[in-house]
file target-v6.txt (compact mmCIF, C-alpha atoms)
# COMPACT_ATOMS: atom_id res chain seq x y z
CA MET A 997 54.29 -32.85 -1.07
CA ALA A 998 52.34 -30.12 0.68
CA THR A 999 51.76 -28.31 -2.61
CA GLU A 1000 48.71 -26.55 -1.19
CA LYS A 1001 50.92 -24.20 0.77
CA ILE A 1002 53.37 -23.24 -1.98
CA PRO A 1003 53.29 -19.45 -2.46
CA ASP A 1004 51.88 -18.18 -5.75
CA ILE A 1005 55.13 -16.40 -6.41
CA ILE A 1006 57.05 -19.69 -6.49
CA ILE A 1007 54.45 -21.35 -8.71
CA GLY A 1008 54.91 -18.42 -11.07
CA ARG A 1009 58.61 -19.17 -11.44
CA LEU A 1010 58.22 -22.88 -12.25
CA PRO A 1011 57.07 -22.33 -15.88
CA ILE A 1012 60.14 -20.09 -16.36
CA TYR A 1013 62.41 -22.89 -15.10
CA LEU A 1014 60.57 -25.37 -17.31
CA ARG A 1015 61.10 -23.20 -20.40
CA ALA A 1016 64.81 -22.83 -19.63
CA LEU A 1017 65.15 -26.60 -19.12
CA GLN A 1018 63.38 -27.17 -22.46
CA ARG A 1019 65.88 -24.84 -24.10
CA LEU A 1020 68.81 -26.79 -22.64
CA SER A 1021 67.17 -30.08 -23.55
CA ASP A 1022 66.67 -28.89 -27.16
CA GLN A 1023 70.43 -28.34 -27.27
CA GLY A 1024 70.99 -31.96 -26.26
CA ILE A 1025 72.07 -31.13 -22.70
CA GLN A 1026 71.14 -33.73 -20.06
CA THR A 1027 72.13 -32.20 -16.71
CA THR A 1028 72.29 -28.71 -15.30
CA SER A 1029 73.01 -26.84 -12.09
CA SER A 1030 71.11 -24.14 -10.24
CA GLN A 1031 73.96 -21.79 -11.25
CA ASP A 1032 73.54 -22.46 -14.99
CA LEU A 1033 69.77 -22.31 -14.75
CA GLY A 1034 70.06 -19.07 -12.80
CA GLU A 1035 72.13 -17.44 -15.51
CA ILE A 1036 69.52 -18.29 -18.13
CA VAL A 1037 66.51 -17.06 -16.17
CA GLY A 1038 68.08 -14.21 -14.19
CA ILE A 1039 67.24 -15.67 -10.76
CA SER A 1040 69.83 -16.51 -8.10
CA ALA A 1041 71.01 -20.11 -7.78
CA ALA A 1042 70.02 -20.11 -4.09
CA GLN A 1043 66.48 -19.03 -4.95
CA ILE A 1044 66.17 -21.73 -7.61
CA ARG A 1045 67.37 -24.44 -5.21
CA LYS A 1046 64.94 -23.20 -2.57
CA ASP A 1047 62.02 -23.08 -5.01
CA ILE A 1048 62.60 -26.55 -6.39
CA SER A 1049 63.24 -28.11 -2.97
CA GLN A 1050 59.67 -27.12 -1.97
CA PHE A 1051 58.48 -30.05 -4.05
CA GLY A 1052 61.01 -32.69 -3.05
CA GLU A 1053 64.62 -33.65 -3.56
CA PHE A 1054 65.28 -33.47 -7.28
CA GLY A 1055 68.96 -32.60 -7.44
CA LYS A 1056 72.06 -34.36 -6.15
CA GLN A 1057 74.86 -32.52 -4.37
CA GLY A 1058 77.72 -32.14 -6.83
CA THR A 1059 76.02 -33.61 -9.90
CA GLY A 1060 73.18 -31.10 -10.31
CA TYR A 1061 69.78 -31.78 -11.82
CA SER A 1062 68.88 -34.40 -14.41
CA ILE A 1063 67.08 -32.27 -16.99
CA PRO A 1064 64.60 -34.92 -18.22
CA TYR A 1065 63.75 -35.90 -14.63
CA LEU A 1066 63.32 -32.32 -13.40
CA MET A 1067 61.22 -31.42 -16.46
CA GLU A 1068 58.98 -34.40 -15.84
CA LYS A 1069 58.53 -33.39 -12.20
CA LEU A 1070 57.84 -29.74 -12.99
CA ARG A 1071 55.35 -30.77 -15.69
CA SER A 1072 53.61 -32.98 -13.19
CA ILE A 1073 53.46 -30.23 -10.54
CA LEU A 1074 52.09 -27.75 -13.09
CA LYS A 1075 49.59 -30.36 -14.38
CA MET A 1076 51.25 -30.35 -17.77
CA ASP A 1077 51.17 -34.16 -17.88
CA ARG A 1078 47.80 -33.78 -19.62
CA VAL A 1079 46.61 -31.54 -22.47
CA TRP A 1080 44.34 -28.60 -21.63
CA ASP A 1081 41.79 -27.44 -24.16
CA VAL A 1082 41.87 -23.67 -24.58
CA ILE A 1083 39.53 -21.28 -26.38
CA ILE A 1084 40.45 -17.90 -27.84
CA VAL A 1085 37.89 -15.10 -27.55
CA GLY A 1086 38.38 -12.20 -29.97
CA MET A 1087 39.71 -12.63 -33.50
CA GLY A 1088 41.53 -9.32 -33.91
CA ASP A 1089 45.28 -9.10 -34.60
CA ILE A 1090 46.34 -10.89 -31.41
CA GLY A 1091 43.64 -13.54 -31.71
CA HIS A 1092 44.82 -14.21 -35.26
CA ALA A 1093 48.43 -14.46 -34.13
CA LEU A 1094 47.52 -16.93 -31.37
CA ALA A 1095 45.30 -19.02 -33.68
CA HIS A 1096 48.39 -19.49 -35.86
CA TYR A 1097 50.80 -19.94 -32.95
CA ASN A 1098 52.42 -23.36 -32.98
CA GLY A 1099 53.93 -23.21 -29.49
CA PHE A 1100 50.91 -24.50 -27.55
CA ALA A 1101 50.78 -28.11 -28.65
CA ASN A 1102 54.00 -29.48 -27.21
CA ARG A 1103 53.67 -27.51 -23.96
CA GLY A 1104 50.38 -28.83 -22.64
CA PHE A 1105 47.73 -26.80 -24.45
CA HIS A 1106 45.45 -27.31 -27.42
CA VAL A 1107 43.36 -24.54 -28.94
CA SER A 1108 39.98 -26.16 -29.50
CA MET A 1109 37.72 -23.24 -30.54
CA VAL A 1110 37.92 -19.54 -31.42
CA PHE A 1111 35.14 -16.97 -31.02
CA ASP A 1112 34.15 -13.48 -32.10
CA ASN A 1113 30.94 -11.46 -32.00
CA ASP A 1114 31.48 -9.65 -35.31
CA PRO A 1115 29.09 -11.02 -37.98
CA LYS A 1116 31.80 -10.33 -40.59
CA LYS A 1117 34.21 -12.65 -38.78
CA ILE A 1118 31.82 -15.41 -37.65
CA GLY A 1119 32.06 -18.39 -40.00
CA GLN A 1120 35.37 -17.22 -41.49
CA THR A 1121 38.45 -19.44 -41.33
CA VAL A 1122 41.47 -18.45 -39.22
CA GLY A 1123 44.32 -20.95 -39.39
CA ASP A 1124 42.73 -24.34 -38.68
CA PHE A 1125 39.63 -22.83 -37.10
CA ARG A 1126 36.21 -21.65 -38.10
CA VAL A 1127 35.30 -18.55 -36.08
CA LEU A 1128 32.31 -19.31 -33.83
CA ASP A 1129 29.71 -16.84 -32.59
CA THR A 1130 30.18 -15.68 -28.98
CA ALA A 1131 26.39 -16.05 -28.67
CA SER A 1132 26.97 -19.83 -28.58
CA MET A 1133 30.01 -19.57 -26.30
CA ILE A 1134 28.49 -20.50 -22.94
CA GLU A 1135 26.82 -23.58 -24.41
CA LYS A 1136 29.98 -24.73 -26.21
CA ILE A 1137 32.23 -24.18 -23.18
CA LYS A 1138 29.90 -26.22 -20.99
CA GLN A 1139 29.55 -28.95 -23.60
CA HIS A 1140 33.34 -29.36 -23.95
CA LYS A 1141 34.07 -28.65 -20.26
CA ILE A 1142 36.60 -25.93 -21.18
CA LYS A 1143 38.43 -24.47 -18.16
CA VAL A 1144 41.00 -22.20 -19.86
CA ALA A 1145 40.40 -19.17 -22.10
CA VAL A 1146 42.56 -16.55 -23.79
CA LEU A 1147 40.90 -13.14 -23.96
CA THR A 1148 41.95 -11.03 -26.95
CA VAL A 1149 39.01 -8.65 -27.25
CA PRO A 1150 39.22 -4.83 -27.10
CA ALA A 1151 39.38 -3.28 -23.62
CA THR A 1152 35.77 -2.09 -23.89
CA ALA A 1153 34.51 -5.66 -24.42
CA ALA A 1154 36.75 -7.40 -21.88
CA GLN A 1155 34.51 -7.42 -18.78
CA GLU A 1156 31.43 -8.54 -20.70
CA ALA A 1157 33.34 -11.41 -22.33
CA THR A 1158 34.86 -12.31 -18.95
CA ASP A 1159 31.41 -12.53 -17.36
CA LEU A 1160 30.31 -14.98 -20.08
CA LEU A 1161 33.43 -17.11 -19.56
CA VAL A 1162 32.96 -17.21 -15.79
CA LYS A 1163 29.28 -18.05 -16.16
CA ALA A 1164 30.19 -20.95 -18.46
CA GLY A 1165 32.67 -22.40 -15.94
CA VAL A 1166 36.06 -21.14 -17.15
CA LYS A 1167 38.57 -21.05 -14.26
CA ALA A 1168 41.69 -19.56 -15.88
CA ILE A 1169 41.79 -16.49 -18.14
CA LEU A 1170 44.85 -15.17 -19.94
CA ASN A 1171 43.96 -11.52 -20.60
CA TYR A 1172 45.57 -9.60 -23.47
CA ALA A 1173 43.06 -6.75 -23.21
CA PRO A 1174 44.79 -3.69 -21.71
CA ILE A 1175 42.38 -3.46 -18.78
CA SER A 1176 41.82 -5.11 -15.40
CA ILE A 1177 38.98 -7.63 -15.30
CA ASN A 1178 36.95 -8.64 -12.26
CA VAL A 1179 36.43 -12.33 -11.55
CA PRO A 1180 35.25 -14.44 -8.60
CA GLU A 1181 37.89 -15.72 -6.17
CA ASP A 1182 38.04 -19.19 -7.70
CA VAL A 1183 38.98 -17.87 -11.16
CA LYS A 1184 42.63 -17.11 -11.97
CA VAL A 1185 43.66 -14.27 -14.26
CA GLN A 1186 47.03 -13.57 -15.83
CA TYR A 1187 47.79 -10.43 -17.80
CA VAL A 1188 49.95 -10.25 -20.89
CA ASP A 1189 51.21 -6.70 -20.60
CA PRO A 1190 54.13 -5.59 -22.78
CA VAL A 1191 54.72 -2.46 -20.71
CA THR A 1192 55.55 -4.29 -17.47
CA HIS A 1193 58.20 -6.25 -19.40
CA LEU A 1194 59.62 -3.06 -20.90
CA GLN A 1195 59.69 -1.30 -17.52
CA ARG A 1196 61.58 -4.19 -16.05
CA MET A 1197 64.35 -3.66 -18.60
CA THR A 1198 64.58 0.13 -18.59
CA TYR A 1199 65.72 -0.04 -14.96
CA TYR A 1200 69.05 -1.29 -16.27
CA LEU A 1201 69.51 1.27 -19.05
CA MET B 915 69.77 4.06 -2.29
CA ALA B 916 72.11 1.22 -3.20
CA THR B 917 70.00 0.32 -6.24
CA GLU B 918 72.94 -1.43 -7.89
CA LYS B 919 72.56 -4.41 -5.61
CA ILE B 920 68.79 -4.92 -5.90
CA PRO B 921 68.11 -8.45 -7.18
CA ASP B 922 66.61 -8.75 -10.66
CA ILE B 923 63.69 -10.65 -9.19
CA ILE B 924 62.65 -7.63 -7.10
CA ILE B 925 63.05 -5.25 -10.03
CA GLY B 926 60.74 -7.56 -11.95
CA ARG B 927 57.98 -7.10 -9.39
CA LEU B 928 58.08 -3.28 -9.31
CA PRO B 929 56.22 -2.84 -12.64
CA ILE B 930 53.52 -5.18 -11.31
CA TYR B 931 53.14 -3.01 -8.20
CA LEU B 932 53.11 0.10 -10.38
CA ARG B 933 50.32 -1.31 -12.54
CA ALA B 934 48.24 -2.20 -9.48
CA LEU B 935 48.79 1.28 -8.02
CA GLN B 936 47.69 2.80 -11.34
CA ARG B 937 44.54 0.70 -11.19
CA LEU B 938 43.75 1.96 -7.68
CA SER B 939 44.61 5.52 -8.67
CA ASP B 940 42.25 5.27 -11.67
CA GLN B 941 39.51 4.40 -9.21
CA GLY B 942 40.23 7.61 -7.29
CA ILE B 943 41.93 5.84 -4.36
CA GLN B 944 44.73 7.81 -2.66
CA THR B 945 46.26 5.43 -0.10
CA THR B 946 46.79 1.68 0.09
CA SER B 947 48.38 -0.97 2.28
CA SER B 948 50.73 -3.83 1.50
CA GLN B 949 47.77 -6.13 2.30
CA ASP B 950 45.47 -4.53 -0.29
CA LEU B 951 48.24 -4.37 -2.86
CA GLY B 952 49.09 -8.00 -2.14
CA GLU B 953 45.54 -9.13 -2.83
CA ILE B 954 45.56 -7.42 -6.23
CA VAL B 955 48.91 -8.77 -7.37
CA GLY B 956 48.95 -12.16 -5.63
CA ILE B 957 52.11 -11.50 -3.62
CA SER B 958 52.31 -11.58 0.18
CA ALA B 959 52.11 -8.29 2.09
CA ALA B 960 55.41 -9.08 3.81
CA GLN B 961 57.15 -9.57 0.47
CA ILE B 962 55.77 -6.30 -0.87
CA ARG B 963 56.92 -4.37 2.22
CA LYS B 964 60.35 -5.97 1.93
CA ASP B 965 60.63 -5.21 -1.78
CA ILE B 966 59.61 -1.58 -1.45
CA SER B 967 61.76 -0.97 1.62
CA GLN B 968 64.84 -1.82 -0.48
CA PHE B 969 64.50 1.62 -2.02
CA GLY B 970 63.75 3.68 1.08
CA GLU B 971 60.98 4.38 3.55
CA PHE B 972 57.86 5.03 1.50
CA GLY B 973 55.10 3.87 3.83
CA LYS B 974 54.08 4.96 7.30
CA GLN B 975 53.20 2.49 10.04
CA GLY B 976 49.43 2.45 10.37
CA THR B 977 48.58 4.76 7.48
CA GLY B 978 49.97 2.72 4.60
CA TYR B 979 51.33 4.06 1.34
CA SER B 980 50.39 7.29 -0.38
CA ILE B 981 49.57 6.03 -3.89
CA PRO B 982 50.70 9.14 -5.83
CA TYR B 983 53.94 9.30 -3.83
CA LEU B 984 54.73 5.60 -4.18
CA MET B 985 53.91 5.67 -7.91
CA GLU B 986 56.24 8.61 -8.38
CA LYS B 987 59.03 6.81 -6.53
CA LEU B 988 58.56 3.54 -8.43
CA ARG B 989 58.48 5.43 -11.74
CA SER B 990 61.70 7.15 -10.80
CA ILE B 991 63.39 3.87 -9.81
CA LEU B 992 62.26 2.22 -13.07
CA LYS B 993 63.37 5.29 -15.07
CA MET B 994 59.79 5.94 -16.14
CA ASP B 995 60.18 9.64 -15.35
CA ARG B 996 61.21 10.05 -18.97
CA VAL B 997 59.78 8.69 -22.22
CA TRP B 998 61.62 5.87 -24.01
CA ASP B 999 61.48 5.62 -27.76
CA VAL B 1000 60.71 2.08 -28.90
CA ILE B 1001 60.79 0.45 -32.31
CA ILE B 1002 58.75 -2.55 -33.45
CA VAL B 1003 60.44 -5.06 -35.75
CA GLY B 1004 58.06 -7.31 -37.70
CA MET B 1005 54.67 -6.18 -38.97
CA GLY B 1006 52.77 -9.46 -38.74
CA ASP B 1007 49.64 -9.88 -36.59
CA ILE B 1008 51.37 -9.05 -33.30
CA GLY B 1009 53.33 -6.14 -34.77
CA HIS B 1010 50.04 -4.75 -36.10
CA ALA B 1011 48.36 -5.15 -32.73
CA LEU B 1012 51.22 -3.35 -30.96
CA ALA B 1013 51.35 -0.55 -33.56
CA HIS B 1014 47.70 0.13 -32.69
CA TYR B 1015 48.14 -0.39 -28.93
CA ASN B 1016 47.37 2.76 -26.98
CA GLY B 1017 48.79 1.61 -23.65
CA PHE B 1018 52.40 2.68 -24.21
CA ALA B 1019 52.10 6.46 -24.17
CA ASN B 1020 51.03 7.09 -20.59
CA ARG B 1021 53.36 4.44 -19.16
CA GLY B 1022 56.72 5.73 -20.31
CA PHE B 1023 57.08 4.49 -23.88
CA HIS B 1024 56.59 5.92 -27.34
CA VAL B 1025 56.67 3.83 -30.49
CA SER B 1026 58.78 5.87 -32.88
CA MET B 1027 59.29 3.54 -35.88
CA VAL B 1028 58.13 0.16 -37.21
CA PHE B 1029 60.08 -2.14 -39.54
CA ASP B 1030 59.62 -5.13 -41.80
CA ASN B 1031 61.72 -6.78 -44.51
CA ASP B 1032 58.78 -7.79 -46.74
CA PRO B 1033 58.68 -5.57 -49.89
CA LYS B 1034 54.87 -5.88 -49.84
CA LYS B 1035 54.75 -4.32 -46.36
CA ILE B 1036 57.50 -1.70 -46.66
CA GLY B 1037 55.97 1.72 -47.30
CA GLN B 1038 52.49 0.62 -46.22
CA THR B 1039 50.70 2.41 -43.38
CA VAL B 1040 49.99 0.63 -40.08
CA GLY B 1041 48.18 2.80 -37.57
CA ASP B 1042 50.13 6.07 -37.42
CA PHE B 1043 53.25 4.52 -38.93
CA ARG B 1044 54.79 3.98 -42.32
CA VAL B 1045 56.53 0.60 -42.38
CA LEU B 1046 60.29 1.09 -42.85
CA ASP B 1047 62.71 -1.33 -44.48
CA THR B 1048 64.83 -3.36 -42.04
CA ALA B 1049 67.72 -2.70 -44.46
CA SER B 1050 67.76 0.87 -43.07
CA MET B 1051 67.26 -0.22 -39.47
CA ILE B 1052 70.82 0.00 -38.12
CA GLU B 1053 71.24 3.49 -39.55
CA LYS B 1054 67.89 4.71 -38.19
CA ILE B 1055 68.45 3.22 -34.73
CA LYS B 1056 71.84 4.89 -34.44
CA GLN B 1057 70.51 8.20 -35.76
CA HIS B 1058 67.67 8.29 -33.18
CA LYS B 1059 69.71 6.63 -30.41
CA ILE B 1060 67.03 3.97 -29.87
CA LYS B 1061 67.76 1.65 -26.92
CA VAL B 1062 64.52 -0.40 -26.76
CA ALA B 1063 63.01 -2.71 -29.40
CA VAL B 1064 60.04 -5.04 -29.59
CA LEU B 1065 60.70 -8.11 -31.71
CA THR B 1066 57.62 -9.55 -33.44
CA VAL B 1067 59.20 -11.45 -36.31
CA PRO B 1068 58.76 -15.20 -36.99
CA ALA B 1069 60.97 -17.55 -34.95
CA THR B 1070 63.15 -18.26 -37.99
CA ALA B 1071 64.02 -14.56 -38.38
CA ALA B 1072 64.47 -13.74 -34.69
CA GLN B 1073 68.21 -14.23 -34.24
CA GLU B 1074 69.12 -12.38 -37.43
CA ALA B 1075 66.94 -9.41 -36.45
CA THR B 1076 68.39 -9.53 -32.92
CA ASP B 1077 71.93 -9.33 -34.28
CA LEU B 1078 71.02 -6.21 -36.26
CA LEU B 1079 69.44 -4.60 -33.19
CA VAL B 1080 72.46 -5.36 -31.02
CA LYS B 1081 74.85 -4.08 -33.68
CA ALA B 1082 72.88 -0.83 -33.84
CA GLY B 1083 73.11 -0.30 -30.07
CA VAL B 1084 69.77 -1.57 -28.74
CA LYS B 1085 70.08 -2.61 -25.07
CA ALA B 1086 66.60 -3.97 -24.28
CA ILE B 1087 64.59 -6.38 -26.43
CA LEU B 1088 61.05 -7.54 -25.77
CA ASN B 1089 60.80 -10.80 -27.72
CA TYR B 1090 57.44 -12.12 -28.92
CA ALA B 1091 59.06 -14.67 -31.23
CA PRO B 1092 58.61 -18.17 -29.77
CA ILE B 1093 62.34 -18.85 -29.61
CA SER B 1094 65.31 -18.03 -27.36
CA ILE B 1095 67.62 -15.33 -28.70
CA ASN B 1096 71.30 -14.89 -27.90
CA VAL B 1097 72.55 -11.45 -26.91
CA PRO B 1098 75.70 -10.02 -25.31
CA GLU B 1099 75.73 -9.64 -21.52
CA ASP B 1100 74.90 -5.93 -21.57
CA VAL B 1101 71.65 -6.47 -23.52
CA LYS B 1102 68.47 -7.36 -21.62
CA VAL B 1103 65.82 -9.65 -23.08
CA GLN B 1104 62.29 -10.29 -21.88
CA TYR B 1105 60.01 -12.92 -23.40
CA VAL B 1106 56.30 -12.57 -23.96
CA ASP B 1107 55.26 -16.18 -23.74
CA PRO B 1108 51.56 -17.04 -23.38
CA VAL B 1109 52.32 -20.62 -22.36
CA THR B 1110 54.23 -19.72 -19.17
CA HIS B 1111 51.22 -17.65 -18.09
CA LEU B 1112 48.84 -20.52 -18.84
CA GLN B 1113 51.04 -23.03 -17.00
CA ARG B 1114 51.06 -20.80 -13.96
CA MET B 1115 47.27 -20.99 -13.80
CA THR B 1116 46.73 -24.67 -14.55
CA TYR B 1117 48.55 -25.50 -11.31
CA TYR B 1118 45.42 -24.31 -9.50
CA LEU B 1119 42.86 -26.17 -11.63
call {"tool": "encode", "arguments": {"input": "target-v6.txt", "output": "structure tokens"}}
result
Amino acid sequence: MATEKIPDIIIGRLPIYLRALQRLSDQGIQTTSSQDLGEIVGISAAQIRKDISQFGEFGKQGTGYSIPYLMEKLRSILKMDRVWDVIIVGMGDIGHALAHYNGFANRGFHVSMVFDNDPKKIGQTVGDFRVLDTASMIEKIKQHKIKVAVLTVPATAAQEATDLLVKAGVKAILNYAPISINVPEDVKVQYVDPVTHLQRMTYYL
Amino acid sequence: MATEKIPDIIIGRLPIYLRALQRLSDQGIQTTSSQDLGEIVGISAAQIRKDISQFGEFGKQGTGYSIPYLMEKLRSILKMDRVWDVIIVGMGDIGHALAHYNGFANRGFHVSMVFDNDPKKIGQTVGDFRVLDTASMIEKIKQHKIKVAVLTVPATAAQEATDLLVKAGVKAILNYAPISINVPEDVKVQYVDPVTHLQRMTYYL
């Protein structure tokens, strides 16, 4: 598998396929087709077949895809066959929501620590976590070899927090702050932006 | 413009382009190329040119795209040349965060009402809003002709709340609840799912 050359845009669709397959699997369904999958995710069957075929031959002509097999393969491609430790930086409303979120565990992620710089929040308990001081963040990230962080600080604090994360060795940042952050080339950033989702839907109204 | 036939997948990329153009515009930049845009959004220049050309000839060979002009066109295509009233259903942590979020107003959306079914929350103030009772939701949605809703209720309450929204005439739902919701064919749903974003990045680690 020449996975090195797979375009980013295809990689971005694989988690969407995986989520749809999980949904079918939860309903007790064992096989699916690119047509059925396409209807769930809103992507053409041809595109789905093309995307998946980049990684090998997973489906059979006429019988479709085995859901458990395809899920296993997609998980392996996306490196979900291990558990990634994640930290959450910023214990405001969204940080709180994510600290309580129970959807990480069975999908490859484990929240290991949460941070804030507000003396009123440091030491408090949020869900299963004690809020740690961002002053100790670099040290703790290095110690636990954390590579993935979720950034839920206000926009004004986002770049400063990002710089700390990068300095400590974090390579993937999921940014909820409503601002662009600058990172070196070897660090990946994804934005959680409600407005882009809304704009995508208003086109059809 | 035969916009009726534009694939969903292309429509989904336009808000991403629009956000990147806004970022450049905020920096005082007036023109850009598909190459520069591609570097910001992680999509190939060829794909960007192809996507944008679906809607007409917006760029000039050699001089690139005029950012204000392209933004105006994308806004028009995405029906962002008006303001959409949005309601938020569920005043937990995420509902709170979104009620305080200041990134809607200048990007085509206006939060007009927020709802919850918890007697302890109904009547309370969150940001600029008084929390309304979901028992009055259908009536209020119809009265104000609301078409767009953000769903931030717990997973267990998501389908019930969805059914109310659909019954009241909502046609676009942004779902933060970590569960799939069922809607009729003429209703669009988008999921805000932190795990798909994380999975997209771990591929590169």
call {"tool": "closest_atom_pairs", "arguments": {"input": "target-v6.txt", "of": "stretch 996-1101 of chain B", "to": "stretch 1080-1102 of chain A", "cutoff": "6 Å", "atoms": "all atoms listed in the file", "output": "tab-separated table"}}
result
residue	atom	partner	partner_atom	distance
B:Asp1007	CA	A:Asp1089	CA	4.9
B:Ile1008	CA	A:Ile1090	CA	5.7
B:Ala1011	CA	A:Asp1089	CA	5.3
call {"tool": "closest_residue", "arguments": {"input": "target-v6.txt", "among": "B:Arg996, B:Arg1021, B:Arg927, B:Arg937", "to": "B:Ile962", "atoms": "all atoms listed in the file"}}
result
B:Arg927
call {"tool": "interface_residues", "arguments": {"input": "target-v6.txt", "of": "chain A", "to": "chain B", "cutoff": "7 Å", "atoms": "only C-alpha atoms", "output": "MDAnalysis selection string"}}
result
chainID A and resid 1004:1005 1007:1008 1011:1012 1038:1039 1073:1075 1089:1090 1092:1093 1099:1100 1168 1170 1174 1184 1186 1191:1199
call {"tool": "atom_distance", "arguments": {"input": "target-v6.txt", "atom1": "atom CA of B:Gln936", "atom2": "atom CA of B:Lys987"}}
result
13.0 Å
call {"tool": "residues_around", "arguments": {"input": "target-v6.txt", "residues": "stretch 973-984 of chain B", "least_positions_apart": "4", "cutoff": "10 Å", "atoms": "only C-alpha atoms", "output": "PyMOL selection string"}}
result
chain B and resi 931-932+935-936+938-939+943-951+963+966-967+988-990
call {"tool": "closest_residue", "arguments": {"input": "target-v6.txt", "among": "B:Ser1050, B:Gly970, B:Ile1060, B:Gln941", "to": "B:Val1025", "atoms": "all atoms listed in the file"}}
result
B:Ile1060
call {"tool": "atom_distance", "arguments": {"input": "target-v6.txt", "atom1": "atom CA of A:Val1149", "atom2": "atom CA of A:Asn1113"}}
result
9.8 Å
call {"tool": "residues_around", "arguments": {"input": "target-v6.txt", "residues": "A:Lys1136", "least_positions_apart": "3", "cutoff": "12 Å", "atoms": "all atoms listed in the file", "output": "JSON, numbers by chain"}}
result
{"A": [1083, 1108, 1109, 1110, 1111, 1128, 1129, 1130, 1131, 1132, 1133, 1139, 1140, 1141, 1142, 1143, 1160, 1161, 1164, 1165, 1166]}
call {"tool": "atom_distance", "arguments": {"input": "target-v6.txt", "atom1": "atom CA of B:Thr1070", "atom2": "atom CA of B:Glu1053"}}
result
23.3 Å
call {"tool": "axis_aligned_box", "arguments": {"input": "target-v6.txt", "around": "stretch 1145-1163 of chain A", "padding_each_side": "8 Å", "output": "AutoDock Vina command-line options"}}
result
--center_x 35.9 --center_y -10.6 --center_z -21.5 --size_x 29.3 --size_y 33.1 --size_z 27.5
